[in-house]
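What's in start.cif: mmCIF, N, CA and C atoms
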data_model
loop_
_atom_site.label_atom_id
_atom_site.label_comp_id
_atom_site.auth_asym_id
_atom_site.auth_seq_id
_atom_site.Cartn_x
_atom_site.Cartn_y
_atom_site.Cartn_z
N MET L 985 -6.44 4.89 11.31
CA MET L 985 -5.46 3.83 11.29
C MET L 985 -4.20 4.35 10.62
N VAL L 986 -3.06 4.01 11.19
CA VAL L 986 -1.79 4.43 10.60
C VAL L 986 -0.95 3.21 10.24
N GLY L 987 -0.15 3.38 9.21
CA GLY L 987 0.78 2.33 8.80
C GLY L 987 2.19 2.86 8.87
N LEU L 988 3.14 1.96 8.77
CA LEU L 988 4.55 2.35 8.82
C LEU L 988 5.13 2.41 7.42
N LEU L 989 5.78 3.54 7.11
CA LEU L 989 6.44 3.76 5.83
C LEU L 989 7.82 3.12 5.88
N LYS L 990 8.13 2.37 4.82
CA LYS L 990 9.45 1.75 4.68
C LYS L 990 9.98 2.07 3.29
N ILE L 991 11.30 2.15 3.18
CA ILE L 991 11.93 2.47 1.90
C ILE L 991 12.99 1.41 1.62
N ASP L 992 13.00 0.93 0.38
CA ASP L 992 14.00 -0.02 -0.07
C ASP L 992 14.47 0.44 -1.45
N GLY L 993 15.56 1.19 -1.48
CA GLY L 993 16.03 1.76 -2.74
C GLY L 993 15.02 2.76 -3.27
N GLY L 994 14.49 2.51 -4.46
CA GLY L 994 13.50 3.40 -5.05
C GLY L 994 12.08 2.92 -4.84
N ARG L 995 11.90 1.90 -4.03
CA ARG L 995 10.56 1.34 -3.76
C ARG L 995 10.12 1.74 -2.36
N PHE L 996 8.86 2.13 -2.25
CA PHE L 996 8.29 2.55 -0.98
C PHE L 996 7.13 1.63 -0.64
N TRP L 997 6.91 1.43 0.64
CA TRP L 997 5.70 0.72 1.01
C TRP L 997 5.25 1.14 2.40
N VAL L 998 3.93 1.04 2.59
CA VAL L 998 3.31 1.32 3.88
C VAL L 998 2.53 0.08 4.26
N GLU L 999 2.77 -0.39 5.47
CA GLU L 999 2.06 -1.59 5.95
C GLU L 999 1.09 -1.20 7.06
N TYR L 1000 -0.17 -1.56 6.84
CA TYR L 1000 -1.23 -1.38 7.83
C TYR L 1000 -1.52 -2.76 8.40
N GLU L 1001 -0.71 -3.15 9.39
CA GLU L 1001 -0.74 -4.51 9.92
C GLU L 1001 -2.11 -4.90 10.47
N GLU L 1002 -2.76 -3.98 11.17
CA GLU L 1002 -4.06 -4.30 11.76
C GLU L 1002 -5.13 -4.55 10.72
N ARG L 1003 -4.94 -4.02 9.51
CA ARG L 1003 -5.90 -4.22 8.42
C ARG L 1003 -5.42 -5.26 7.41
N ASN L 1004 -4.22 -5.81 7.64
CA ASN L 1004 -3.62 -6.81 6.74
C ASN L 1004 -3.43 -6.27 5.33
N VAL L 1005 -3.07 -4.99 5.21
CA VAL L 1005 -2.91 -4.38 3.89
C VAL L 1005 -1.54 -3.71 3.79
N GLN L 1006 -0.91 -3.90 2.62
CA GLN L 1006 0.32 -3.20 2.28
C GLN L 1006 0.08 -2.42 0.99
N VAL L 1007 0.68 -1.24 0.92
CA VAL L 1007 0.67 -0.44 -0.30
C VAL L 1007 2.13 -0.29 -0.72
N VAL L 1008 2.46 -0.79 -1.90
CA VAL L 1008 3.84 -0.78 -2.40
C VAL L 1008 3.87 0.01 -3.70
N TRP L 1009 4.78 0.99 -3.80
CA TRP L 1009 4.85 1.75 -5.05
C TRP L 1009 6.27 2.15 -5.37
N THR L 1010 6.48 2.31 -6.68
CA THR L 1010 7.75 2.80 -7.21
C THR L 1010 7.41 4.02 -8.07
N PRO L 1011 7.72 5.22 -7.59
CA PRO L 1011 7.41 6.43 -8.36
C PRO L 1011 8.15 6.43 -9.69
N GLY L 1012 7.53 7.09 -10.68
CA GLY L 1012 8.14 7.19 -11.99
C GLY L 1012 8.74 8.54 -12.27
N ALA L 1013 8.71 9.44 -11.28
CA ALA L 1013 9.26 10.79 -11.46
C ALA L 1013 9.98 11.20 -10.18
N PRO L 1014 10.93 12.13 -10.29
CA PRO L 1014 11.73 12.52 -9.13
C PRO L 1014 10.94 13.22 -8.02
N GLU L 1015 9.92 14.00 -8.37
CA GLU L 1015 9.19 14.76 -7.35
C GLU L 1015 8.51 13.85 -6.32
N PRO L 1016 7.77 12.80 -6.75
CA PRO L 1016 7.17 11.92 -5.75
C PRO L 1016 8.19 11.17 -4.91
N VAL L 1017 9.35 10.85 -5.49
CA VAL L 1017 10.41 10.20 -4.72
C VAL L 1017 10.89 11.13 -3.62
N ALA L 1018 11.13 12.38 -3.98
CA ALA L 1018 11.62 13.36 -3.00
C ALA L 1018 10.59 13.58 -1.89
N LYS L 1019 9.32 13.63 -2.26
CA LYS L 1019 8.26 13.84 -1.27
C LYS L 1019 8.21 12.70 -0.26
N ALA L 1020 8.25 11.46 -0.73
CA ALA L 1020 8.21 10.32 0.17
C ALA L 1020 9.46 10.25 1.04
N ARG L 1021 10.61 10.56 0.45
CA ARG L 1021 11.85 10.55 1.23
C ARG L 1021 11.84 11.64 2.31
N ARG L 1022 11.30 12.82 1.99
CA ARG L 1022 11.19 13.89 3.00
C ARG L 1022 10.31 13.43 4.15
N TRP L 1023 9.17 12.80 3.82
CA TRP L 1023 8.25 12.31 4.85
C TRP L 1023 9.01 11.35 5.76
N PHE L 1024 9.74 10.44 5.17
CA PHE L 1024 10.50 9.44 5.93
C PHE L 1024 11.58 10.10 6.76
N ASP L 1025 12.36 10.99 6.16
CA ASP L 1025 13.48 11.63 6.85
C ASP L 1025 13.04 12.55 7.98
N GLU L 1026 11.88 13.19 7.83
CA GLU L 1026 11.41 14.14 8.84
C GLU L 1026 10.63 13.47 9.96
N SER L 1027 10.29 12.21 9.82
CA SER L 1027 9.55 11.52 10.87
C SER L 1027 10.52 11.10 11.98
N TYR L 1028 9.95 10.83 13.14
CA TYR L 1028 10.77 10.37 14.25
C TYR L 1028 11.26 8.95 13.96
N PRO L 1029 12.45 8.60 14.47
CA PRO L 1029 12.94 7.23 14.26
C PRO L 1029 11.92 6.20 14.75
N ARG L 1030 11.69 5.22 13.89
CA ARG L 1030 10.78 4.10 14.17
C ARG L 1030 9.31 4.53 14.24
N LEU L 1031 9.01 5.76 13.92
CA LEU L 1031 7.62 6.22 13.95
C LEU L 1031 7.24 6.82 12.60
N GLU L 1032 7.59 6.14 11.54
CA GLU L 1032 7.31 6.61 10.19
C GLU L 1032 5.85 6.31 9.87
N GLN L 1033 4.94 6.98 10.56
CA GLN L 1033 3.52 6.67 10.47
C GLN L 1033 2.83 7.43 9.36
N VAL L 1034 1.96 6.72 8.65
CA VAL L 1034 1.20 7.31 7.56
C VAL L 1034 -0.28 6.98 7.77
N PRO L 1035 -1.11 7.98 8.07
CA PRO L 1035 -2.55 7.72 8.16
C PRO L 1035 -3.09 7.30 6.79
N GLU L 1036 -4.10 6.42 6.79
CA GLU L 1036 -4.70 5.97 5.54
C GLU L 1036 -5.12 7.14 4.67
N THR L 1037 -5.65 8.17 5.30
CA THR L 1037 -6.17 9.32 4.56
C THR L 1037 -5.06 10.15 3.89
N MET L 1038 -3.80 9.93 4.26
CA MET L 1038 -2.68 10.68 3.69
C MET L 1038 -1.96 9.91 2.59
N LEU L 1039 -2.37 8.67 2.31
CA LEU L 1039 -1.68 7.85 1.31
C LEU L 1039 -1.58 8.53 -0.04
N ARG L 1040 -2.70 8.99 -0.55
CA ARG L 1040 -2.72 9.58 -1.89
C ARG L 1040 -1.79 10.79 -1.95
N SER L 1041 -1.81 11.59 -0.91
CA SER L 1041 -0.93 12.76 -0.84
C SER L 1041 0.54 12.34 -0.81
N LEU L 1042 0.85 11.33 -0.03
CA LEU L 1042 2.24 10.86 0.07
C LEU L 1042 2.72 10.29 -1.26
N ILE L 1043 1.90 9.49 -1.91
CA ILE L 1043 2.28 8.89 -3.19
C ILE L 1043 2.45 9.97 -4.25
N GLY L 1044 1.60 10.99 -4.22
CA GLY L 1044 1.78 12.15 -5.07
C GLY L 1044 1.35 11.99 -6.52
N SER L 1045 0.71 10.89 -6.86
CA SER L 1045 0.25 10.64 -8.22
C SER L 1045 -1.09 9.92 -8.17
N ASP L 1046 -1.84 10.03 -9.26
CA ASP L 1046 -3.08 9.27 -9.37
C ASP L 1046 -2.73 7.82 -9.70
N ALA L 1047 -3.59 6.91 -9.24
CA ALA L 1047 -3.37 5.48 -9.48
C ALA L 1047 -4.53 4.90 -10.27
N ASP L 1048 -4.19 4.04 -11.22
CA ASP L 1048 -5.19 3.34 -12.02
C ASP L 1048 -4.91 1.84 -11.84
N PHE L 1049 -5.84 1.13 -11.20
CA PHE L 1049 -5.65 -0.27 -10.87
C PHE L 1049 -6.31 -1.20 -11.87
N SER L 1050 -5.68 -2.33 -12.09
CA SER L 1050 -6.27 -3.39 -12.91
C SER L 1050 -7.50 -3.93 -12.17
N PRO L 1051 -8.56 -4.29 -12.89
CA PRO L 1051 -9.74 -4.84 -12.23
C PRO L 1051 -9.53 -6.28 -11.76
N THR L 1052 -8.43 -6.90 -12.15
CA THR L 1052 -8.17 -8.30 -11.82
C THR L 1052 -7.35 -8.42 -10.54
N SER L 1053 -7.81 -9.28 -9.65
CA SER L 1053 -7.07 -9.59 -8.43
C SER L 1053 -6.17 -10.78 -8.69
N VAL L 1054 -4.97 -10.76 -8.13
CA VAL L 1054 -4.01 -11.85 -8.28
C VAL L 1054 -3.97 -12.61 -6.95
N ARG L 1055 -4.30 -13.89 -7.00
CA ARG L 1055 -4.31 -14.72 -5.78
C ARG L 1055 -2.96 -15.40 -5.64
N LYS L 1056 -2.37 -15.25 -4.46
CA LYS L 1056 -1.13 -15.94 -4.11
C LYS L 1056 -1.45 -16.82 -2.90
N GLU L 1057 -0.48 -17.58 -2.43
CA GLU L 1057 -0.75 -18.51 -1.33
C GLU L 1057 -1.26 -17.80 -0.07
N LYS L 1058 -0.61 -16.70 0.31
CA LYS L 1058 -0.97 -16.01 1.54
C LYS L 1058 -1.41 -14.57 1.30
N SER L 1059 -1.73 -14.22 0.06
CA SER L 1059 -2.10 -12.83 -0.22
C SER L 1059 -2.97 -12.72 -1.46
N VAL L 1060 -3.59 -11.54 -1.57
CA VAL L 1060 -4.32 -11.13 -2.76
C VAL L 1060 -3.72 -9.79 -3.17
N GLU L 1061 -3.47 -9.59 -4.47
CA GLU L 1061 -2.84 -8.36 -4.94
C GLU L 1061 -3.67 -7.70 -6.04
N ARG L 1062 -3.60 -6.37 -6.06
CA ARG L 1062 -4.13 -5.58 -7.17
C ARG L 1062 -3.00 -4.70 -7.66
N HIS L 1063 -2.66 -4.81 -8.93
CA HIS L 1063 -1.56 -4.06 -9.52
C HIS L 1063 -2.10 -2.86 -10.28
N GLY L 1064 -1.29 -1.80 -10.33
CA GLY L 1064 -1.71 -0.62 -11.04
C GLY L 1064 -0.55 0.22 -11.54
N LYS L 1065 -0.91 1.29 -12.23
CA LYS L 1065 0.07 2.24 -12.75
C LYS L 1065 -0.21 3.61 -12.13
N LEU L 1066 0.86 4.35 -11.94
CA LEU L 1066 0.75 5.71 -11.42
C LEU L 1066 0.79 6.70 -12.57
N SER L 1067 0.15 7.84 -12.39
CA SER L 1067 0.12 8.86 -13.45
C SER L 1067 1.50 9.43 -13.76
N ASP L 1068 2.47 9.25 -12.85
CA ASP L 1068 3.84 9.73 -13.12
C ASP L 1068 4.68 8.69 -13.87
N GLY L 1069 4.05 7.56 -14.26
CA GLY L 1069 4.76 6.51 -14.98
C GLY L 1069 5.26 5.39 -14.10
N GLY L 1070 5.07 5.50 -12.80
CA GLY L 1070 5.50 4.46 -11.87
C GLY L 1070 4.48 3.36 -11.73
N SER L 1071 4.71 2.48 -10.77
CA SER L 1071 3.80 1.36 -10.53
C SER L 1071 3.37 1.33 -9.07
N ILE L 1072 2.23 0.67 -8.83
CA ILE L 1072 1.69 0.55 -7.48
C ILE L 1072 1.06 -0.82 -7.33
N LYS L 1073 1.10 -1.34 -6.10
CA LYS L 1073 0.50 -2.63 -5.82
C LYS L 1073 -0.14 -2.56 -4.43
N LEU L 1074 -1.39 -3.02 -4.33
CA LEU L 1074 -2.05 -3.18 -3.04
C LEU L 1074 -2.04 -4.66 -2.71
N VAL L 1075 -1.73 -4.99 -1.47
CA VAL L 1075 -1.64 -6.39 -1.05
C VAL L 1075 -2.47 -6.59 0.21
N TYR L 1076 -3.36 -7.58 0.18
CA TYR L 1076 -4.06 -8.04 1.39
C TYR L 1076 -3.37 -9.33 1.77
N PHE L 1077 -2.89 -9.44 3.02
CA PHE L 1077 -2.07 -10.59 3.39
C PHE L 1077 -2.57 -11.24 4.67
N LYS L 1078 -2.24 -12.50 4.82
CA LYS L 1078 -2.52 -13.30 6.02
C LYS L 1078 -1.25 -14.07 6.38
N GLU L 1079 -1.16 -14.51 7.61
CA GLU L 1079 -0.01 -15.31 8.06
C GLU L 1079 -0.08 -16.74 7.54
N LYS L 1080 -1.28 -17.22 7.27
CA LYS L 1080 -1.49 -18.60 6.84
C LYS L 1080 -2.01 -18.60 5.40
N PRO L 1081 -1.99 -19.76 4.74
CA PRO L 1081 -2.55 -19.82 3.39
C PRO L 1081 -4.01 -19.36 3.38
N LEU L 1082 -4.39 -18.68 2.30
CA LEU L 1082 -5.74 -18.14 2.19
C LEU L 1082 -6.78 -19.22 1.91
N SER L 1083 -7.85 -19.18 2.66
CA SER L 1083 -9.02 -19.99 2.33
C SER L 1083 -9.81 -19.23 1.27
N ASP L 1084 -10.85 -19.84 0.72
CA ASP L 1084 -11.68 -19.14 -0.26
C ASP L 1084 -12.33 -17.90 0.36
N SER L 1085 -12.76 -18.01 1.62
CA SER L 1085 -13.39 -16.85 2.27
C SER L 1085 -12.36 -15.76 2.54
N ASP L 1086 -11.12 -16.13 2.89
CA ASP L 1086 -10.05 -15.14 3.06
C ASP L 1086 -9.78 -14.41 1.74
N TYR L 1087 -9.77 -15.17 0.65
CA TYR L 1087 -9.54 -14.58 -0.66
C TYR L 1087 -10.63 -13.56 -0.99
N HIS L 1088 -11.89 -13.94 -0.80
CA HIS L 1088 -12.99 -13.02 -1.09
C HIS L 1088 -12.96 -11.80 -0.17
N GLU L 1089 -12.58 -12.02 1.08
CA GLU L 1089 -12.41 -10.90 2.03
C GLU L 1089 -11.32 -9.96 1.53
N GLY L 1090 -10.22 -10.53 1.03
CA GLY L 1090 -9.13 -9.71 0.52
C GLY L 1090 -9.52 -8.92 -0.72
N VAL L 1091 -10.24 -9.55 -1.64
CA VAL L 1091 -10.70 -8.86 -2.84
C VAL L 1091 -11.58 -7.69 -2.45
N GLU L 1092 -12.50 -7.91 -1.53
CA GLU L 1092 -13.40 -6.84 -1.08
C GLU L 1092 -12.63 -5.73 -0.37
N ALA L 1093 -11.67 -6.11 0.49
CA ALA L 1093 -10.87 -5.11 1.22
C ALA L 1093 -10.09 -4.23 0.25
N LEU L 1094 -9.46 -4.83 -0.75
CA LEU L 1094 -8.67 -4.04 -1.71
C LEU L 1094 -9.56 -3.15 -2.56
N SER L 1095 -10.73 -3.64 -2.94
CA SER L 1095 -11.67 -2.81 -3.71
C SER L 1095 -12.11 -1.61 -2.88
N THR L 1096 -12.33 -1.82 -1.60
CA THR L 1096 -12.71 -0.73 -0.70
C THR L 1096 -11.58 0.28 -0.58
N TRP L 1097 -10.34 -0.20 -0.44
CA TRP L 1097 -9.20 0.71 -0.35
C TRP L 1097 -9.07 1.54 -1.61
N ILE L 1098 -9.24 0.93 -2.76
CA ILE L 1098 -9.11 1.66 -4.03
C ILE L 1098 -10.18 2.75 -4.11
N SER L 1099 -11.42 2.41 -3.81
CA SER L 1099 -12.49 3.42 -3.91
C SER L 1099 -12.39 4.48 -2.82
N SER L 1100 -11.86 4.14 -1.66
CA SER L 1100 -11.77 5.09 -0.55
C SER L 1100 -10.56 6.01 -0.63
N TYR L 1101 -9.42 5.49 -1.04
CA TYR L 1101 -8.17 6.25 -0.94
C TYR L 1101 -7.52 6.61 -2.27
N PHE L 1102 -8.01 6.04 -3.38
CA PHE L 1102 -7.36 6.30 -4.65
C PHE L 1102 -8.29 6.82 -5.73
N ARG L 1103 -9.51 7.21 -5.39
CA ARG L 1103 -10.45 7.76 -6.38
C ARG L 1103 -10.80 9.17 -6.02
#

Show me, as structure tokens, the structure contained in the file I just sent.
Amino acid sequence: MVGLLKIDGGRFWVEYEERNVQVVWTPGAPEPVAKARRWFDESYPRLEQVPETMLRSLIGSDADFSPTSVRKEKSVERHGKLSDGGSIKLVYFKEKPLSDSDYHEGVEALSTWISSYFR
């Protein structure tokens, strides 16, 4: 599965629409910023694709996530810190307000992403 890399100032995010997951991070050091910008600049226009298995490499830092999930109206979030001093957030999202089962699905999905791609 691939997601699309987007850049907004010093913040980066990859959205995996088919999995309803976004990864949003702000690097705390210049090297990871340069790496993500190179990835973006060297990709074809509108095809800024990032395979799930390449996320950790693209981010360029280890991530430590809070064990607490944050429930919002249409999303579940897990916040964390990067080893370079930056921050990271995983988001499970839906188009409609989350039901209790959607919330539990989101918590499980984010836990799986953390153990699969960030450990």

Set the distance at 9 Å and use only C-alpha atoms: which residues neighbour segment 1006-1013 of chain L once local chain neighbours fewer than 3 positions away are removed? I'd like the list as a PDB file with N, CA and C atoms, keeping the file's coordinate frame.
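Final file, around25.pdb:
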ATOM      1  N   GLY L 987      -0.150   3.380   9.210  1.00  0.00           N
ATOM      2  CA  GLY L 987       0.780   2.330   8.800  1.00  0.00           C
ATOM      3  C   GLY L 987       2.190   2.860   8.870  1.00  0.00           C
ATOM      4  N   GLY L 994      14.490   2.510  -4.460  1.00  0.00           N
ATOM      5  CA  GLY L 994      13.500   3.400  -5.050  1.00  0.00           C
ATOM      6  C   GLY L 994      12.080   2.920  -4.840  1.00  0.00           C
ATOM      7  N   ARG L 995      11.900   1.900  -4.030  1.00  0.00           N
ATOM      8  CA  ARG L 995      10.560   1.340  -3.760  1.00  0.00           C
ATOM      9  C   ARG L 995      10.120   1.740  -2.360  1.00  0.00           C
ATOM     10  N   PHE L 996       8.860   2.130  -2.250  1.00  0.00           N
ATOM     11  CA  PHE L 996       8.290   2.550  -0.980  1.00  0.00           C
ATOM     12  C   PHE L 996       7.130   1.630  -0.640  1.00  0.00           C
ATOM     13  N   TRP L 997       6.910   1.430   0.640  1.00  0.00           N
ATOM     14  CA  TRP L 997       5.700   0.720   1.010  1.00  0.00           C
ATOM     15  C   TRP L 997       5.250   1.140   2.400  1.00  0.00           C
ATOM     16  N   VAL L 998       3.930   1.040   2.590  1.00  0.00           N
ATOM     17  CA  VAL L 998       3.310   1.320   3.880  1.00  0.00           C
ATOM     18  C   VAL L 998       2.530   0.080   4.260  1.00  0.00           C
ATOM     19  N   GLU L 999       2.770  -0.390   5.470  1.00  0.00           N
ATOM     20  CA  GLU L 999       2.060  -1.590   5.950  1.00  0.00           C
ATOM     21  C   GLU L 999       1.090  -1.200   7.060  1.00  0.00           C
ATOM     22  N   TYR L1000      -0.170  -1.560   6.840  1.00  0.00           N
ATOM     23  CA  TYR L1000      -1.230  -1.380   7.830  1.00  0.00           C
ATOM     24  C   TYR L1000      -1.520  -2.760   8.400  1.00  0.00           C
ATOM     25  N   GLU L1001      -0.710  -3.150   9.390  1.00  0.00           N
ATOM     26  CA  GLU L1001      -0.740  -4.510   9.920  1.00  0.00           C
ATOM     27  C   GLU L1001      -2.110  -4.900  10.470  1.00  0.00           C
ATOM     28  N   ARG L1003      -4.940  -4.020   9.510  1.00  0.00           N
ATOM     29  CA  ARG L1003      -5.900  -4.220   8.420  1.00  0.00           C
ATOM     30  C   ARG L1003      -5.420  -5.260   7.410  1.00  0.00           C
ATOM     31  N   PRO L1016       7.770  12.800  -6.750  1.00  0.00           N
ATOM     32  CA  PRO L1016       7.170  11.920  -5.750  1.00  0.00           C
ATOM     33  C   PRO L1016       8.190  11.170  -4.910  1.00  0.00           C
ATOM     34  N   VAL L1017       9.350  10.850  -5.490  1.00  0.00           N
ATOM     35  CA  VAL L1017      10.410  10.200  -4.720  1.00  0.00           C
ATOM     36  C   VAL L1017      10.890  11.130  -3.620  1.00  0.00           C
ATOM     37  N   LEU L1039      -2.370   8.670   2.310  1.00  0.00           N
ATOM     38  CA  LEU L1039      -1.680   7.850   1.310  1.00  0.00           C
ATOM     39  C   LEU L1039      -1.580   8.530  -0.040  1.00  0.00           C
ATOM     40  N   ILE L1043       1.900   9.490  -1.910  1.00  0.00           N
ATOM     41  CA  ILE L1043       2.280   8.890  -3.190  1.00  0.00           C
ATOM     42  C   ILE L1043       2.450   9.970  -4.250  1.00  0.00           C
ATOM     43  N   GLY L1044       1.600  10.990  -4.220  1.00  0.00           N
ATOM     44  CA  GLY L1044       1.780  12.150  -5.070  1.00  0.00           C
ATOM     45  C   GLY L1044       1.350  11.990  -6.520  1.00  0.00           C
ATOM     46  N   SER L1045       0.710  10.890  -6.860  1.00  0.00           N
ATOM     47  CA  SER L1045       0.250  10.640  -8.220  1.00  0.00           C
ATOM     48  C   SER L1045      -1.090   9.920  -8.170  1.00  0.00           C
ATOM     49  N   LEU L1066       0.860   4.350 -11.940  1.00  0.00           N
ATOM     50  CA  LEU L1066       0.750   5.710 -11.420  1.00  0.00           C
ATOM     51  C   LEU L1066       0.790   6.700 -12.570  1.00  0.00           C
ATOM     52  N   SER L1067       0.150   7.840 -12.390  1.00  0.00           N
ATOM     53  CA  SER L1067       0.120   8.860 -13.450  1.00  0.00           C
ATOM     54  C   SER L1067       1.500   9.430 -13.760  1.00  0.00           C
ATOM     55  N   ASP L1068       2.470   9.250 -12.850  1.00  0.00           N
ATOM     56  CA  ASP L1068       3.840   9.730 -13.120  1.00  0.00           C
ATOM     57  C   ASP L1068       4.680   8.690 -13.870  1.00  0.00           C
ATOM     58  N   GLY L1069       4.050   7.560 -14.260  1.00  0.00           N
ATOM     59  CA  GLY L1069       4.760   6.510 -14.980  1.00  0.00           C
ATOM     60  C   GLY L1069       5.260   5.390 -14.100  1.00  0.00           C
ATOM     61  N   GLY L1070       5.070   5.500 -12.800  1.00  0.00           N
ATOM     62  CA  GLY L1070       5.500   4.460 -11.870  1.00  0.00           C
ATOM     63  C   GLY L1070       4.480   3.360 -11.730  1.00  0.00           C
ATOM     64  N   SER L1071       4.710   2.480 -10.770  1.00  0.00           N
ATOM     65  CA  SER L1071       3.800   1.360 -10.530  1.00  0.00           C
ATOM     66  C   SER L1071       3.370   1.330  -9.070  1.00  0.00           C
ATOM     67  N   ILE L1072       2.230   0.670  -8.830  1.00  0.00           N
ATOM     68  CA  ILE L1072       1.690   0.550  -7.480  1.00  0.00           C
ATOM     69  C   ILE L1072       1.060  -0.820  -7.330  1.00  0.00           C
ATOM     70  N   LYS L1073       1.100  -1.340  -6.100  1.00  0.00           N
ATOM     71  CA  LYS L1073       0.500  -2.630  -5.820  1.00  0.00           C
ATOM     72  C   LYS L1073      -0.140  -2.560  -4.430  1.00  0.00           C
ATOM     73  N   LEU L1074      -1.390  -3.020  -4.330  1.00  0.00           N
ATOM     74  CA  LEU L1074      -2.050  -3.180  -3.040  1.00  0.00           C
ATOM     75  C   LEU L1074      -2.040  -4.660  -2.710  1.00  0.00           C
ATOM     76  N   VAL L1075      -1.730  -4.990  -1.470  1.00  0.00           N
ATOM     77  CA  VAL L1075      -1.640  -6.390  -1.050  1.00  0.00           C
ATOM     78  C   VAL L1075      -2.470  -6.590   0.210  1.00  0.00           C
ATOM     79  N   TYR L1076      -3.360  -7.580   0.180  1.00  0.00           N
ATOM     80  CA  TYR L1076      -4.060  -8.040   1.390  1.00  0.00           C
ATOM     81  C   TYR L1076      -3.370  -9.330   1.770  1.00  0.00           C
ATOM     82  N   PHE L1077      -2.890  -9.440   3.020  1.00  0.00           N
ATOM     83  CA  PHE L1077      -2.070 -10.590   3.390  1.00  0.00           C
ATOM     84  C   PHE L1077      -2.570 -11.240   4.670  1.00  0.00           C
TER      85      PHE L1077
END

Once the PyMOL selection byres ((chain L and resi 1084-1101) around 6.5) is applied to the coordinates I shared, what remains selected? I want it as a list of chain:residue names.
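Evaluating the PyMOL selection byres ((chain L and resi 1084-1101) around 6.5) on these coordinates yields L:Glu1036, L:Arg1040, L:Val1060, L:Tyr1076, L:Leu1082, L:Ser1083, L:Phe1102, L:Arg1103.
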
Closest of L:Lys1058, L:Pro1014, L:Val1034, L:Phe1024 to Leu988 of chain L - atom-to-atom distances counting only N, CA and C atoms
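The shortest atom-to-atom distance to Leu988 of chain L comes from L:Val1034.
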
8 Å contact set for Gln1033 of chain L, only C-alpha atoms, chain neighbours under 2 positions out, as a list in words
Val986, Gly987, Leu988, Leu989, Ser1027, Leu1031 and Pro1035 of chain L

All alpha helix (DSSP H) residues (DSSP, backbone) inside segment 985-1099 of chain L, as a ChimeraX atom specification:
/L:1014-1026,1039-1043,1084-1099

Given only N, CA and C atoms as the counted atoms, nearest of L:Glu1002, L:Asp992, L:Ser1059, L:Ala1020 to Leu1042 of chain L:
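Closest candidate: L:Ala1020.
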
So the first atom is atom C of Arg1022 of chain L and the second is atom C of Ile991 of chain L; what is the distance between them in Å, to one decimal place?
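Atom C of Ile991 of chain L lies at a distance of 12.6 Å from atom C of Arg1022 of chain L.
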
Output as number ranges by chain all residues of chain L that backbone DSSP marks as strand (DSSP E or B).
L: 986-992, 995-1000, 1005-1010, 1033-1035, 1047-1049, 1054-1055, 1059-1066, 1071-1077

What's the separation between atom CA of Lys1080 of chain L and atom N of Glu1057 of chain L, in Å to one decimal place?
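Between atom CA of Lys1080 of chain L and atom N of Glu1057 of chain L the gap works out to 9.4 Å.
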
Of the residues L:Pro1081, L:Lys990, L:Met1038, L:Ser1050, which is the one nearest to Arg1062 of chain L, using only C-alpha atoms?
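Using only C-alpha atoms, Arg1062 of chain L sits closest to L:Ser1050.
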
Taking all atoms of segment 1050-1057 of chain L that the file lists, what box with edges along x, y and z, padded by 3 Å per side, do you get, with centre and edge lengths in Å to one decimal, as AutoDock Vina command-line options?
--center_x -5.1 --center_y -10.4 --center_z -6.5 --size_x 15.3 --size_y 22.2 --size_z 18.8

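Across the model, the gap from atom N of Glu1061 of chain L to atom N of Asp1048 of chain L is 15.2 Å.
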